[in-house]
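Everything below concerns the one structure shown next.
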Amino acid sequence: MELEYTAHRSGRLSGFLRGELRLSAGLMNRLKWQNALCVNGRPVHTDFPVSPGDRITVRLEEPVPDYPPEHLPLRVIYEDEQLLVVDKPPGMLIHPSRHRNTGTLANRVLAYYQATGQLCAFHPVTRLDRDTFGLVLLAKNSHIHHLLNDSHMAGELEKTYEALVYGVPPVFSGRVDAPIARLPLPSLLRKIDPAGQSATTLYQVQTTGPGWSRLRLQAVTGRTHQLRL
């Protein structure tokens, strides 16, 4: 992928990369050693003086991951040049770890990129734990990942969950405020605890049945296992 921008002012290239093109400092530092920064088609360094009308080009190449591709079924919901949205099944981890580098969503996405001839890496913007299934938003390169993370932190991305639960809430829409704390180690689970961190969830009942209901959930805070608790 390439980013292109025509300068409307004078200044150092680094100012355009961090300002108009919104590259992260880490990505900019990595690119300056890869001859990936060009002005008017010529490779330059970040201190190059840019003039109005100059054409800035940034070539984004992703490093090859250290886990293998797995050519297994992958349900793609949406795709464009910068984004991929896939449907993660239950029981699957998002990303490989030190202890396991196969059987994850990342392995399948890597195989999909290879099969479709895309030089992309695995950059999840939203994550679901192993037992949760649904849509996962992925950026195809680290620059788009950085921009989407900024949007996420600014509250510009809205995530909605659905859950089947035992029982029917007495009020069909409302707010749950219940602080969450860790269980004693070595457990990784959480519990409702008055001494824990504040956690807020908005809910709305969608459908009901005998002894169950289907809820629409929005996590105002992002505590681990918040919605399940």
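Residues are referred to by chain and number: the chain letter is A, B, ... according to the order shown in the structure tokens, the number counts from 1 in that chain, and ligands are numbered separately from 1 in the order shown.
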**Request:** Quick one: everything within 12 Å of Thr221 of chain A, counting only C-alpha atoms, minus sequence neighbours fewer than 6 positions away in the same chain. Send it as number ranges by chain.
**Result:** A: 153, 155, 158-159, 175-180, 197-202, 227
**Request:** Give the strand (DSSP E) residues of chain A, as assigned by DSSP on the backbone, as a PyMOL selection string.
**Result:** chain A and resi 2-6+11-12+37-39+42-43+49-50+55-59+75-79+83-88+123-124+134-139+161-166+173-177+180-182+190-192+200-209+212-219
Quick one: residues within 8 Å of Val64 of chain A, only C-alpha atoms, excluding same-chain residues fewer than 2 positions away - as a PDB file with C-alpha atoms, in the first residue's frame?
```
ATOM      1  CA  GLU A  62       4.396  -5.345   6.400  1.00  0.00           C
ATOM      2  CA  ASP A  66       6.531 -15.770  12.516  1.00  0.00           C
ATOM      3  CA  ALA A 121      -0.309  -8.324   8.259  1.00  0.00           C
TER       4      ALA A 121
END
```
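Between Asn29 of chain A and the residues A:Leu17, A:Val86, A:Thr104, A:Ser151, the shortest atom-to-atom distance, using only C-alpha atoms, involves A:Leu17.
Among the candidates A:Gln226, A:Asn107, A:Ser51, A:Asn35, the residue lying nearest to Ser10 of chain A is A:Ser51 (atoms considered: only C-alpha atoms).
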**Message:** Measuring between only C-alpha atoms, which one of A:Leu157, A:Leu31, A:Leu183, A:Val109 shows the shortest distance to Val220 of chain A?
**Reply:**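 Looking at the shortest contact to Val220 of chain A, the residue is A:Leu157.
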**Request:** Using only C-alpha atoms, determine which residues lie at most 6 Å from segment 164-173 of chain A, disregarding the query and same-chain residues fewer than 4 positions distant; provide the list as a PyMOL selection string.
**Result:** chain A and resi 203-205+211-214
Next, the residues of the selection above should be written as a PDB file, in the first residue's frame with all heavy atoms.
```
ATOM      1  N   TYR A 203     -28.002  -2.219  28.593  1.00  0.00           N
ATOM      2  CA  TYR A 203     -28.649  -3.396  28.005  1.00  0.00           C
ATOM      3  C   TYR A 203     -30.034  -3.049  27.501  1.00  0.00           C
ATOM      4  O   TYR A 203     -30.679  -2.099  27.958  1.00  0.00           O
ATOM      5  CB  TYR A 203     -28.731  -4.534  29.019  1.00  0.00           C
ATOM      6  CG  TYR A 203     -29.813  -4.355  30.065  1.00  0.00           C
ATOM      7  CD1 TYR A 203     -31.105  -4.831  29.852  1.00  0.00           C
ATOM      8  CD2 TYR A 203     -29.545  -3.709  31.270  1.00  0.00           C
ATOM      9  CE1 TYR A 203     -32.102  -4.659  30.804  1.00  0.00           C
ATOM     10  CE2 TYR A 203     -30.520  -3.530  32.222  1.00  0.00           C
ATOM     11  CZ  TYR A 203     -31.803  -4.007  31.987  1.00  0.00           C
ATOM     12  OH  TYR A 203     -32.790  -3.811  32.922  1.00  0.00           O
ATOM     13  N   GLN A 204     -30.483  -3.865  26.538  1.00  0.00           N
ATOM     14  CA  GLN A 204     -31.847  -3.754  26.021  1.00  0.00           C
ATOM     15  C   GLN A 204     -32.310  -5.146  25.642  1.00  0.00           C
ATOM     16  O   GLN A 204     -31.600  -5.880  24.949  1.00  0.00           O
ATOM     17  CB  GLN A 204     -31.884  -2.824  24.813  1.00  0.00           C
ATOM     18  CG  GLN A 204     -33.286  -2.514  24.309  1.00  0.00           C
ATOM     19  CD  GLN A 204     -33.264  -1.461  23.221  1.00  0.00           C
ATOM     20  OE1 GLN A 204     -32.415  -1.472  22.339  1.00  0.00           O
ATOM     21  NE2 GLN A 204     -34.203  -0.527  23.278  1.00  0.00           N
ATOM     22  N   VAL A 205     -33.475  -5.521  26.108  1.00  0.00           N
ATOM     23  CA  VAL A 205     -34.034  -6.834  25.802  1.00  0.00           C
ATOM     24  C   VAL A 205     -34.528  -6.844  24.358  1.00  0.00           C
ATOM     25  O   VAL A 205     -35.288  -5.961  23.943  1.00  0.00           O
ATOM     26  CB  VAL A 205     -35.177  -7.190  26.765  1.00  0.00           C
ATOM     27  CG1 VAL A 205     -35.802  -8.527  26.377  1.00  0.00           C
ATOM     28  CG2 VAL A 205     -34.668  -7.246  28.200  1.00  0.00           C
ATOM     29  N   GLY A 211     -38.029 -18.598  30.356  1.00  0.00           N
ATOM     30  CA  GLY A 211     -36.851 -18.672  31.216  1.00  0.00           C
ATOM     31  C   GLY A 211     -35.574 -18.134  30.596  1.00  0.00           C
ATOM     32  O   GLY A 211     -34.491 -18.309  31.157  1.00  0.00           O
ATOM     33  N   TRP A 212     -35.664 -17.440  29.443  1.00  0.00           N
ATOM     34  CA  TRP A 212     -34.460 -16.879  28.830  1.00  0.00           C
ATOM     35  C   TRP A 212     -34.795 -15.580  28.125  1.00  0.00           C
ATOM     36  O   TRP A 212     -35.954 -15.255  27.862  1.00  0.00           O
ATOM     37  CB  TRP A 212     -33.825 -17.855  27.840  1.00  0.00           C
ATOM     38  CG  TRP A 212     -34.726 -18.215  26.671  1.00  0.00           C
ATOM     39  CD1 TRP A 212     -35.587 -19.267  26.594  1.00  0.00           C
ATOM     40  CD2 TRP A 212     -34.860 -17.495  25.435  1.00  0.00           C
ATOM     41  NE1 TRP A 212     -36.253 -19.274  25.389  1.00  0.00           N
ATOM     42  CE2 TRP A 212     -35.816 -18.195  24.650  1.00  0.00           C
ATOM     43  CE3 TRP A 212     -34.276 -16.357  24.902  1.00  0.00           C
ATOM     44  CZ2 TRP A 212     -36.201 -17.762  23.383  1.00  0.00           C
ATOM     45  CZ3 TRP A 212     -34.642 -15.932  23.629  1.00  0.00           C
ATOM     46  CH2 TRP A 212     -35.598 -16.648  22.882  1.00  0.00           C
ATOM     47  N   SER A 213     -33.760 -14.820  27.795  1.00  0.00           N
ATOM     48  CA  SER A 213     -33.937 -13.604  27.010  1.00  0.00           C
ATOM     49  C   SER A 213     -32.676 -13.340  26.195  1.00  0.00           C
ATOM     50  O   SER A 213     -31.582 -13.817  26.522  1.00  0.00           O
ATOM     51  CB  SER A 213     -34.265 -12.397  27.899  1.00  0.00           C
ATOM     52  OG  SER A 213     -33.293 -12.236  28.923  1.00  0.00           O
ATOM     53  N   ARG A 214     -32.868 -12.598  25.126  1.00  0.00           N
ATOM     54  CA  ARG A 214     -31.763 -12.201  24.259  1.00  0.00           C
ATOM     55  C   ARG A 214     -31.557 -10.702  24.431  1.00  0.00           C
ATOM     56  O   ARG A 214     -32.484  -9.919  24.220  1.00  0.00           O
ATOM     57  CB  ARG A 214     -32.082 -12.542  22.811  1.00  0.00           C
ATOM     58  CG  ARG A 214     -30.985 -12.183  21.813  1.00  0.00           C
ATOM     59  CD  ARG A 214     -31.373 -12.656  20.425  1.00  0.00           C
ATOM     60  NE  ARG A 214     -30.352 -12.349  19.437  1.00  0.00           N
ATOM     61  CZ  ARG A 214     -30.420 -12.737  18.163  1.00  0.00           C
ATOM     62  NH1 ARG A 214     -31.462 -13.450  17.761  1.00  0.00           N
ATOM     63  NH2 ARG A 214     -29.464 -12.426  17.324  1.00  0.00           N
TER      64      ARG A 214
END
```
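Among the candidates A:Ala163, A:Leu23, A:Leu229, A:Ile144, the residue lying nearest to Arg182 of chain A is A:Leu229 (atoms considered: only C-alpha atoms).
Around Glu4 of chain A, within 8 Å and counting only C-alpha atoms, the residues found are A:Arg55, A:Ile56, A:Thr57, A:Val58, once anything fewer than 3 positions away on its own chain is removed.
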Could you write out that same residue set with N, CA and C atoms as a PDB file, in the first residue's frame?
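The result, stored in again_30.pdb:
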```
ATOM      1  N   ARG A  55       5.188  16.161  -4.198  1.00  0.00           N
ATOM      2  CA  ARG A  55       4.369  14.966  -3.994  1.00  0.00           C
ATOM      3  C   ARG A  55       5.094  14.010  -3.044  1.00  0.00           C
ATOM      4  N   ILE A  56       4.488  13.763  -1.892  1.00  0.00           N
ATOM      5  CA  ILE A  56       5.052  12.875  -0.877  1.00  0.00           C
ATOM      6  C   ILE A  56       4.441  11.486  -1.043  1.00  0.00           C
ATOM      7  N   THR A  57       5.286  10.473  -1.075  1.00  0.00           N
ATOM      8  CA  THR A  57       4.822   9.093  -1.206  1.00  0.00           C
ATOM      9  C   THR A  57       5.423   8.261  -0.076  1.00  0.00           C
ATOM     10  N   VAL A  58       4.584   7.480   0.572  1.00  0.00           N
ATOM     11  CA  VAL A  58       5.026   6.588   1.648  1.00  0.00           C
ATOM     12  C   VAL A  58       4.632   5.168   1.278  1.00  0.00           C
TER      13      VAL A  58
END
```
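Distances to Ser14 of chain A were evaluated for A:Lys88, A:His45, A:His99, A:Arg190 using only C-alpha atoms, and the minimum falls at A:His45.
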